[in-house]
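Novice: File follows, structure-v3.csv with CSV, C-alpha atoms:
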chain,number,residue,atom,x,y,z
A,186,MET,CA,-14.2,-5.1,-5.6
A,187,VAL,CA,-11.6,-6.9,-3.5
A,188,GLU,CA,-8.4,-4.8,-3.6
A,189,ILE,CA,-5.1,-6.9,-3.4
A,190,PHE,CA,-1.8,-5.0,-3.4
A,191,ILE,CA,1.6,-6.7,-3.5
A,192,ASN,CA,4.5,-4.6,-2.3
A,193,LEU,CA,7.7,-6.1,-3.6
A,194,LYS,CA,10.0,-3.7,-1.8
A,195,ARG,CA,13.7,-4.2,-2.8
A,196,PHE,CA,13.2,-7.2,-5.1
A,197,ASP,CA,15.7,-5.5,-7.4
A,198,VAL,CA,18.6,-6.8,-5.3
A,199,PRO,CA,19.5,-10.5,-5.8
A,200,ILE,CA,20.2,-12.9,-2.9
A,201,SER,CA,23.8,-13.1,-4.0
A,202,MET,CA,24.2,-9.4,-3.0
A,203,GLY,CA,22.3,-9.7,0.3
A,204,GLY,CA,18.9,-8.9,-1.1
A,205,ILE,CA,15.8,-11.0,-1.6
A,206,CYS,CA,15.4,-11.5,-5.4
A,207,PRO,CA,15.9,-15.2,-6.2
A,208,ALA,CA,17.4,-14.4,-9.6
A,209,ASN,CA,20.6,-12.6,-10.3
A,210,ASN,CA,18.8,-10.7,-13.0
A,211,PRO,CA,15.8,-9.0,-11.2
A,212,GLU,CA,14.3,-7.9,-14.6
A,213,SER,CA,14.0,-11.5,-15.7
A,214,TRP,CA,12.5,-12.3,-12.3
A,215,ILE,CA,9.8,-9.7,-12.4
A,216,LYS,CA,9.0,-10.7,-16.0
A,217,SER,CA,8.4,-14.3,-14.8
A,218,VAL,CA,6.3,-13.0,-11.9
A,219,ILE,CA,4.0,-11.3,-14.4
A,220,THR,CA,3.9,-14.3,-16.7
A,221,ASP,CA,3.0,-16.6,-13.7
A,222,THR,CA,0.4,-14.2,-12.6
A,223,ILE,CA,-1.3,-14.5,-16.0
A,224,LYS,CA,-0.8,-18.2,-16.1
A,225,TYR,CA,-2.7,-18.6,-12.8
A,226,GLY,CA,-5.5,-16.3,-14.1
A,227,LEU,CA,-4.9,-13.8,-11.3
A,228,GLY,CA,-5.0,-10.8,-13.7
A,229,ALA,CA,-8.6,-11.5,-14.7
A,230,LEU,CA,-10.3,-12.7,-11.5
A,231,PRO,CA,-13.9,-11.4,-11.3
A,232,GLY,CA,-14.3,-8.8,-8.6
A,233,VAL,CA,-10.5,-8.7,-7.8
A,234,SER,CA,-8.2,-5.8,-8.5
A,235,LEU,CA,-4.5,-6.9,-8.3
A,236,THR,CA,-1.7,-4.3,-8.2
A,237,TYR,CA,2.1,-4.9,-8.0
A,238,LEU,CA,3.9,-2.1,-6.2
A,239,LEU,CA,7.5,-2.1,-7.5
A,240,PRO,CA,10.8,-0.3,-7.1
A,241,GLU,CA,11.4,2.1,-9.9
A,242,SER,CA,14.0,-0.1,-11.5
A,243,LEU,CA,11.5,-2.9,-12.3
A,244,LEU,CA,8.6,-0.7,-13.5
A,245,VAL,CA,9.3,-0.6,-17.2
A,246,THR,CA,9.9,-4.4,-17.5
A,247,ALA,CA,6.7,-5.1,-15.6
A,248,ARG,CA,4.8,-2.6,-17.8
A,249,ASN,CA,6.1,-4.2,-21.0
A,250,SER,CA,5.4,-7.7,-19.8
A,251,ILE,CA,1.8,-6.8,-19.2
A,252,THR,CA,1.2,-4.9,-22.4
A,253,ASP,CA,2.7,-7.9,-24.4
A,254,ILE,CA,-0.1,-10.1,-23.2
A,255,ILE,CA,-3.7,-10.3,-24.4
A,256,THR,CA,-5.8,-7.6,-22.8
A,257,ASN,CA,-8.6,-9.7,-21.3
A,258,LEU,CA,-6.0,-11.7,-19.3
A,259,THR,CA,-4.7,-8.6,-17.6
A,260,LYS,CA,-7.8,-6.5,-17.3
A,261,ASN,CA,-7.7,-6.3,-13.5
A,262,LEU,CA,-3.9,-6.2,-13.2
A,263,SER,CA,-2.0,-3.0,-12.6
A,264,ILE,CA,1.5,-1.8,-11.5
A,265,GLY,CA,2.3,1.0,-9.1
A,266,SER,CA,5.2,2.9,-7.6
A,267,GLN,CA,6.4,2.7,-4.0
A,268,GLY,CA,5.8,6.3,-3.5
A,269,VAL,CA,6.0,9.7,-5.3
A,270,PHE,CA,7.8,12.9,-4.5
A,271,ARG,CA,6.0,15.8,-2.8
A,272,GLU,CA,6.6,18.1,-5.8
A,273,ASN,CA,5.9,17.4,-9.4
A,274,ILE,CA,6.9,18.3,-12.9
A,275,VAL,CA,4.9,21.3,-14.3
A,276,LYS,CA,4.6,22.6,-17.8
A,277,GLY,CA,6.2,26.0,-17.9
A,278,GLY,CA,7.6,25.4,-14.4
A,279,ASN,CA,9.9,22.8,-12.9
A,280,PHE,CA,11.0,20.4,-15.7
A,281,GLY,CA,12.1,17.7,-13.3
A,282,ALA,CA,15.0,18.9,-11.2
A,283,PHE,CA,14.4,16.2,-8.7
A,284,THR,CA,17.5,14.1,-8.6
A,285,THR,CA,17.1,10.9,-6.5
A,286,ASN,CA,13.3,11.5,-6.2
A,287,LEU,CA,10.4,10.1,-8.3
A,288,PRO,CA,7.9,12.7,-9.3
A,289,ALA,CA,4.4,11.4,-10.0
A,290,LEU,CA,4.4,12.3,-13.7
A,291,ALA,CA,7.5,10.2,-14.1
A,292,ALA,CA,5.8,7.3,-12.3
A,293,ARG,CA,2.8,7.7,-14.6
A,294,ASN,CA,5.0,7.7,-17.7
A,295,LEU,CA,6.7,4.5,-16.5
A,296,GLY,CA,3.3,2.8,-16.5
A,297,CYS,CA,2.1,3.3,-13.0
A,298,THR,CA,-1.6,3.6,-12.3
A,299,TRP,CA,-1.2,3.3,-8.5
A,300,ALA,CA,1.1,4.7,-5.9
A,301,ILE,CA,1.5,3.6,-2.3
A,302,ILE,CA,1.9,6.7,-0.1
A,303,GLY,CA,2.5,7.0,3.7
A,304,HIS,CA,3.7,3.4,4.1
A,305,SER,CA,5.0,2.7,7.6
A,306,GLU,CA,8.6,2.5,6.2
A,307,GLU,CA,8.2,5.9,4.6
A,308,ARG,CA,6.7,7.5,7.7
A,309,ARG,CA,9.5,6.0,9.8
A,310,ASP,CA,12.2,7.4,7.4
A,311,LYS,CA,10.7,10.9,7.5
A,312,PHE,CA,10.3,10.7,11.3
A,313,GLU,CA,13.9,9.6,11.9
A,314,PHE,CA,15.2,12.3,9.5
A,315,ILE,CA,13.3,15.2,11.1
A,316,HIS,CA,13.6,13.9,14.7
A,317,GLY,CA,17.4,13.8,14.3
A,318,TYR,CA,17.3,17.6,13.8
A,319,GLN,CA,14.4,18.3,16.2
A,320,PRO,CA,14.2,15.7,19.0
A,321,GLY,CA,11.5,15.6,21.5
A,322,GLN,CA,8.8,17.0,19.2
A,323,ASN,CA,7.1,13.7,18.2
A,324,ALA,CA,3.5,15.0,17.9
A,325,ALA,CA,4.6,18.0,15.9
A,326,ILE,CA,6.8,15.9,13.7
A,327,ASN,CA,4.1,13.4,12.9
A,328,ASN,CA,1.6,16.3,12.1
A,329,TYR,CA,4.2,17.7,9.7
A,330,ILE,CA,4.7,14.2,8.1
A,331,ASN,CA,0.9,14.1,7.5
A,332,GLU,CA,1.2,17.4,5.6
A,333,ILE,CA,4.0,16.0,3.4
A,334,VAL,CA,2.0,12.8,2.8
A,335,ASN,CA,-0.9,15.0,1.6
A,336,LYS,CA,1.4,16.8,-0.9
A,337,GLU,CA,2.4,13.4,-2.3
A,338,VAL,CA,-1.3,12.3,-2.5
A,339,ILE,CA,-2.2,15.4,-4.5
A,340,CYS,CA,0.8,15.0,-6.8
A,341,ALA,CA,-0.3,11.4,-7.6
A,342,LEU,CA,-3.9,12.2,-8.1
A,343,ASP,CA,-3.1,15.2,-10.2
A,344,SER,CA,-1.0,12.9,-12.5
A,345,GLY,CA,-3.8,10.4,-13.0
A,346,ILE,CA,-2.5,7.9,-10.5
A,347,ASN,CA,-4.8,6.1,-8.0
A,348,VAL,CA,-3.6,6.2,-4.3
A,349,LEU,CA,-3.2,3.6,-1.6
A,350,LEU,CA,-2.9,5.8,1.4
A,351,CYS,CA,-1.5,4.0,4.5
A,352,VAL,CA,-2.3,5.0,8.0
A,353,GLY,CA,-1.6,3.4,11.4
A,354,GLU,CA,-0.4,4.0,14.9
A,355,THR,CA,2.9,3.2,16.6
A,356,ALA,CA,3.2,1.6,20.0
A,357,GLU,CA,4.0,5.0,21.5
A,358,GLU,CA,0.9,6.6,19.9
A,359,ARG,CA,-1.3,3.7,21.0
A,360,GLY,CA,-0.1,3.8,24.6
A,361,ASP,CA,-0.7,1.4,27.4
A,362,GLY,CA,-3.8,0.2,29.3
A,363,SER,CA,-7.0,-1.6,28.1
A,364,PHE,CA,-8.2,-1.4,24.6
A,365,ASP,CA,-11.0,1.0,25.7
A,366,VAL,CA,-8.2,3.3,27.0
A,367,GLN,CA,-6.1,2.9,23.8
A,368,LYS,CA,-9.1,3.7,21.6
A,369,ARG,CA,-8.9,7.4,22.5
A,370,ASN,CA,-5.3,7.6,21.4
A,371,ILE,CA,-5.8,5.5,18.3
A,372,ASP,CA,-8.8,7.6,17.2
A,373,ARG,CA,-6.8,10.8,17.5
A,374,VAL,CA,-3.9,9.4,15.4
A,375,ILE,CA,-5.9,7.8,12.7
A,376,LYS,CA,-8.3,10.7,12.3
A,377,SER,CA,-5.4,13.2,12.0
A,378,GLN,CA,-3.6,11.1,9.4
A,379,LEU,CA,-6.8,10.8,7.3
A,380,LYS,CA,-8.1,14.3,7.6
A,381,THR,CA,-4.7,15.8,6.8
A,382,GLY,CA,-3.7,13.2,4.3
A,383,LEU,CA,-6.9,13.5,2.2
A,384,LYS,CA,-7.1,17.3,2.2
A,385,ASN,CA,-8.1,18.8,-1.2
A,386,THR,CA,-8.7,15.4,-2.8
A,387,GLU,CA,-12.5,15.9,-3.4
A,388,LYS,CA,-12.2,17.1,-7.0
A,389,TYR,CA,-10.3,13.9,-8.0
A,390,LEU,CA,-12.8,11.4,-6.8
A,391,THR,CA,-14.9,11.2,-9.9
A,392,ASP,CA,-12.1,9.5,-11.9
A,393,ARG,CA,-9.5,8.4,-9.3
A,394,LYS,CA,-9.5,5.7,-6.7
A,395,ILE,CA,-8.3,6.3,-3.1
A,396,VAL,CA,-7.9,3.1,-1.0
A,397,ILE,CA,-6.9,3.3,2.6
A,398,GLY,CA,-4.4,0.7,3.9
A,399,TYR,CA,-4.4,0.2,7.7
A,400,GLU,CA,-1.0,-0.7,9.1
A,401,PRO,CA,-0.8,-1.5,12.8
A,402,ARG,CA,2.8,-0.2,13.0
A,403,TRP,CA,3.3,-1.6,16.5
A,404,ALA,CA,2.7,-5.1,15.2
A,405,ILE,CA,4.8,-5.2,12.1
A,406,GLY,CA,8.1,-7.1,12.1
A,407,PRO,CA,9.6,-10.4,13.3
A,408,GLY,CA,8.3,-11.7,16.6
A,409,LYS,CA,5.5,-9.1,16.8
A,410,THR,CA,1.9,-10.2,17.6
A,411,PRO,CA,-0.6,-9.0,15.0
A,412,PRO,CA,-3.9,-7.5,16.1
A,413,ASP,CA,-7.0,-9.7,16.3
A,414,ALA,CA,-10.1,-9.3,14.1
A,415,ARG,CA,-11.9,-7.2,16.7
A,416,TYR,CA,-9.1,-4.7,16.7
A,417,ILE,CA,-8.8,-4.5,12.9
A,418,GLY,CA,-12.6,-4.3,12.6
A,419,TYR,CA,-12.8,-1.4,15.0
A,420,ILE,CA,-10.1,0.6,13.2
A,421,SER,CA,-11.3,-0.2,9.7
A,422,GLU,CA,-14.8,0.9,10.7
A,423,LEU,CA,-13.3,4.1,12.2
A,424,ILE,CA,-11.5,4.8,8.9
A,425,LYS,CA,-14.6,4.4,6.8
A,426,LYS,CA,-16.7,6.6,9.2
A,427,THR,CA,-14.0,9.3,9.4
A,428,VAL,CA,-13.5,9.6,5.7
A,429,LYS,CA,-17.2,9.5,5.0
A,430,GLU,CA,-17.9,12.3,7.5
A,431,SER,CA,-15.0,14.5,6.4
A,432,TYR,CA,-15.0,13.8,2.6
A,433,LEU,CA,-18.4,12.3,1.8
A,434,PHE,CA,-17.2,9.0,0.3
A,435,GLU,CA,-16.6,5.6,1.9
A,436,PRO,CA,-13.2,4.2,0.9
A,437,ALA,CA,-12.2,0.6,0.4
A,438,VAL,CA,-10.0,-0.3,3.4
A,439,VAL,CA,-7.3,-3.0,3.1
A,440,TYR,CA,-5.3,-4.6,5.9
A,441,GLY,CA,-1.7,-3.5,5.5
A,442,GLY,CA,-0.1,-5.4,8.4
A,443,GLY,CA,0.7,-8.3,6.1
A,444,LEU,CA,-2.0,-10.4,4.3
A,445,LYS,CA,-0.7,-14.0,4.2
A,446,GLU,CA,-1.9,-17.6,3.9
A,447,GLU,CA,-2.3,-17.9,7.7
A,448,ASN,CA,-4.6,-14.9,8.2
A,449,ALA,CA,-6.3,-14.4,4.8
A,450,GLY,CA,-9.5,-16.1,5.8
A,451,GLU,CA,-9.8,-14.3,9.1
A,452,ILE,CA,-9.0,-10.9,7.6
A,453,ALA,CA,-11.6,-11.5,4.8
A,454,SER,CA,-14.3,-12.2,7.3
A,455,ILE,CA,-14.1,-8.7,8.7
A,456,LYS,CA,-17.0,-6.8,7.2
A,457,THR,CA,-15.2,-3.5,7.0
A,458,ILE,CA,-12.1,-4.9,5.2
A,459,ASP,CA,-12.0,-4.9,1.4
A,460,GLY,CA,-8.7,-6.6,0.7
A,461,GLY,CA,-5.0,-6.6,1.8
A,462,LEU,CA,-1.4,-5.8,1.2
A,463,VAL,CA,0.9,-8.7,0.6
A,464,ALA,CA,4.7,-8.4,1.1
A,465,LEU,CA,6.0,-12.0,1.1
A,466,THR,CA,4.5,-15.4,0.6
A,467,ARG,CA,7.2,-17.5,2.3
A,468,PHE,CA,8.4,-16.7,5.8
A,469,SER,CA,10.5,-19.7,6.8
A,470,GLY,CA,13.7,-21.0,5.3
A,471,ARG,CA,14.5,-18.7,2.4
A,472,ILE,CA,11.9,-16.0,2.7
A,473,GLY,CA,10.5,-14.6,-0.5
A,474,PHE,CA,7.6,-14.1,-2.8
A,475,GLU,CA,6.1,-16.7,-5.2
A,476,VAL,CA,3.0,-16.3,-7.4
A,477,ASP,CA,1.7,-19.7,-6.5
A,478,GLY,CA,1.8,-18.6,-2.8
A,479,LEU,CA,-0.1,-15.4,-3.8
A,480,LYS,CA,-2.7,-17.6,-5.5
A,481,ILE,CA,-3.3,-19.5,-2.3
A,482,ILE,CA,-3.6,-16.2,-0.3
A,483,ILE,CA,-6.2,-14.9,-2.7
A,484,GLU,CA,-8.1,-18.1,-2.8
A,485,LYS,CA,-8.3,-18.2,1.0
A,486,TYR,CA,-9.3,-14.6,1.1
A,487,LEU,CA,-12.2,-15.1,-1.4
A,488,LYS,CA,-13.3,-18.2,0.5
A,489,GLY,CA,-13.2,-16.2,3.8
A,490,ASN,CA,-15.5,-13.4,2.5
A,491,GLY,CA,-17.7,-15.7,0.5
A,492,SER,CA,-16.7,-13.8,-2.7
A,493,THR,CA,-19.5,-11.4,-1.8
A,494,LYS,CA,-17.6,-8.1,-1.9
A,495,LYS,CA,-17.9,-6.6,-5.4
Please re-express this file's structure in structure tokens.

Specialist:
Amino acid sequence: MVEIFINLKRFDVPISMGGICPANNPESWIKSVITDTIKYGLGALPGVSLTYLLPESLLVTARNSITDIITNLTKNLSIGSQGVFRENIVKGGNFGAFTTNLPALAARNLGCTWAIIGHSEERRDKFEFIHGYQPGQNAAINNYINEIVNKEVICALDSGINVLLCVGETAEERGDGSFDVQKRNIDRVIKSQLKTGLKNTEKYLTDRKIVIGYEPRWAIGPGKTPPDARYIGYISELIKKTVKESYLFEPAVVYGGGLKEENAGEIASIKTIDGGLVALTRFSGRIGFEVDGLKIIIEKYLKGNGSTKK
């Protein structure tokens, strides 16, 4: 199965307010996105799982738009949250005193069957917050963040939500020198994020999916140079091997550094990559996301891997 995720970030803020949503009514926009997704047949592509990761404000509209359409046209289409809180609602316990936070059971009740956890922006936010209080303890802070991410993973799985767990190294963590020198640093970071992030998940694997998203955090952003296929291939193989050795299953691994029209074919040709994470489809002029652009990305990806990954 090819796993395609689309992270629509803050598409609940229109351009007129400084955001990126092309419509002044973001709810009508996400409804049109779902409609166009169905029109292009992207919700029922054989061997392709398609998931929109949305801000909380757009989840109900997206869910209702999907449920209003004939089932066989949406059989491979899902929606997910852009994270969950590290604690959850519990019967007989906390009823949901989590103001400003999204507990996993609430996400599930809003229609989410997926959650993205440990995204580079989430990790950066947590790091900056903790580092402001305890500067100079970078390694210890990142280890603590891995523990928090694990709590989020467990909350999602426990609520019946599949997980896209993101891992990746910063420029500081990767270090300088040749790739062979950097490998030692990368291995340590990725293994730590995986082994801690996936703790105590074994019992959920019979009826939940865990996909790993690799984000080269040092290469994300305007003007940055993305890693080549050799680099991505090495790390995606490392991820599969590490998870299999530690948790006895081989996860699907998707490229989270930005799957787009220009790199979809090359990314798809990497044998240890099983899909990708899309953010935008247009990067020049008025940047944004359009379903016809997503269709092109998926077509190029399927052509690049020969549509052989089931």

Novice: Nearest residue to A:Ser377 out of A:Ser363, A:Thr410, A:Asn331, A:Asn347, using only C-alpha atoms?

Specialist: A:Asn331

Novice: Report the closest atom pair, with its distance in Å rounded to one decimal, for each residue of stretch 339-397 of chain A that has an atom no farther than 12 Å from stretch 187-211 of chain A; count only C-alpha atoms, sort by chain and then rising residue number, and write it as JSON lines.

Specialist:
{"residue": "A:Val348", "atom": "CA", "partner": "A:Phe190", "partner_atom": "CA", "distance": 11.4}
{"residue": "A:Leu349", "atom": "CA", "partner": "A:Phe190", "partner_atom": "CA", "distance": 8.9}
{"residue": "A:Leu350", "atom": "CA", "partner": "A:Phe190", "partner_atom": "CA", "distance": 11.9}
{"residue": "A:Cys351", "atom": "CA", "partner": "A:Phe190", "partner_atom": "CA", "distance": 12.0}
{"residue": "A:Lys394", "atom": "CA", "partner": "A:Glu188", "partner_atom": "CA", "distance": 11.0}
{"residue": "A:Ile395", "atom": "CA", "partner": "A:Glu188", "partner_atom": "CA", "distance": 11.1}
{"residue": "A:Val396", "atom": "CA", "partner": "A:Glu188", "partner_atom": "CA", "distance": 8.3}
{"residue": "A:Ile397", "atom": "CA", "partner": "A:Glu188", "partner_atom": "CA", "distance": 10.3}

Novice: Generate a file of the selected residues that holds C-alpha atoms, formatted as an mmCIF file, keeping the file's coordinate frame.

Specialist:
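Saved file again.cif follows:
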data_model
loop_
_atom_site.group_PDB
_atom_site.id
_atom_site.type_symbol
_atom_site.label_atom_id
_atom_site.label_comp_id
_atom_site.auth_asym_id
_atom_site.auth_seq_id
_atom_site.Cartn_x
_atom_site.Cartn_y
_atom_site.Cartn_z
ATOM 1 C CA VAL A 348 -3.600 6.200 -4.300
ATOM 2 C CA LEU A 349 -3.200 3.600 -1.600
ATOM 3 C CA LEU A 350 -2.900 5.800 1.400
ATOM 4 C CA CYS A 351 -1.500 4.000 4.500
ATOM 5 C CA LYS A 394 -9.500 5.700 -6.700
ATOM 6 C CA ILE A 395 -8.300 6.300 -3.100
ATOM 7 C CA VAL A 396 -7.900 3.100 -1.000
ATOM 8 C CA ILE A 397 -6.900 3.300 2.600
#

Novice: Have a look at atom CA of A:Ser431 and atom CA of A:Pro401 and let me know their distance in Å, one decimal.

Specialist: 22.3 Å

Novice: With distances taken over all atoms listed in the file, which residue among A:Gly296, A:Gly268, A:Pro436, A:Pro411 lies nearest A:Ala247?

Specialist: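 Counting all atoms listed in the file, the residue closest to A:Ala247 is A:Gly296.
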
Novice: With only C-alpha atoms as the basis for distance, which of A:Ile458, A:Leu287, A:Ile315, A:Ala325 is at the shortest distance from A:Gly441?

Specialist: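 Using only C-alpha atoms, the shortest distance to A:Gly441 belongs to A:Ile458.
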
Novice: When you write stretch 215-258 of chain A out from the block above, keep C-alpha atoms and present the result as a compact mmCIF listing (two decimals), in the first residue's frame, please.

Specialist:
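Just written: result21.txt:
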# COMPACT_ATOMS: atom_id res chain seq x y z
CA ILE A 215 -12.12 22.15 2.61
CA LYS A 216 -15.49 20.91 1.38
CA SER A 217 -14.41 21.71 -2.19
CA VAL A 218 -11.09 19.93 -1.57
CA ILE A 219 -12.92 16.75 -0.57
CA THR A 220 -15.30 17.10 -3.53
CA ASP A 221 -12.42 17.52 -5.98
CA THR A 222 -10.57 14.61 -4.41
CA ILE A 223 -13.55 12.39 -5.16
CA LYS A 224 -14.03 13.90 -8.63
CA TYR A 225 -10.46 12.97 -9.58
CA GLY A 226 -10.89 9.47 -8.19
CA LEU A 227 -8.17 9.91 -5.58
CA GLY A 228 -10.26 8.47 -2.78
CA ALA A 229 -10.47 5.05 -4.41
CA LEU A 230 -7.12 4.54 -6.12
CA PRO A 231 -6.11 0.86 -5.93
CA GLY A 232 -3.21 0.37 -3.56
CA VAL A 233 -3.15 3.99 -2.38
CA SER A 234 -4.18 5.22 1.07
CA LEU A 235 -4.88 8.96 1.10
CA THR A 236 -5.12 10.93 4.36
CA TYR A 237 -5.78 14.63 4.91
CA LEU A 238 -4.27 15.94 8.15
CA LEU A 239 -6.26 18.98 9.19
CA PRO A 240 -6.47 21.69 11.84
CA GLU A 241 -9.18 20.95 14.38
CA SER A 242 -11.50 23.65 12.99
CA LEU A 243 -11.87 21.85 9.63
CA LEU A 244 -12.28 18.28 10.82
CA VAL A 245 -16.07 18.11 11.16
CA THR A 246 -16.69 19.69 7.75
CA ALA A 247 -14.23 17.29 6.11
CA ARG A 248 -15.76 14.30 7.90
CA ASN A 249 -19.28 15.24 6.86
CA SER A 250 -18.17 15.86 3.28
CA ILE A 251 -16.75 12.35 3.10
CA THR A 252 -19.71 10.61 4.73
CA ASP A 253 -22.12 12.38 2.35
CA ILE A 254 -20.48 10.65 -0.64
CA ILE A 255 -20.95 7.08 -1.90
CA THR A 256 -18.70 4.77 0.13
CA ASN A 257 -16.85 3.06 -2.72
CA LEU A 258 -15.58 6.45 -3.92
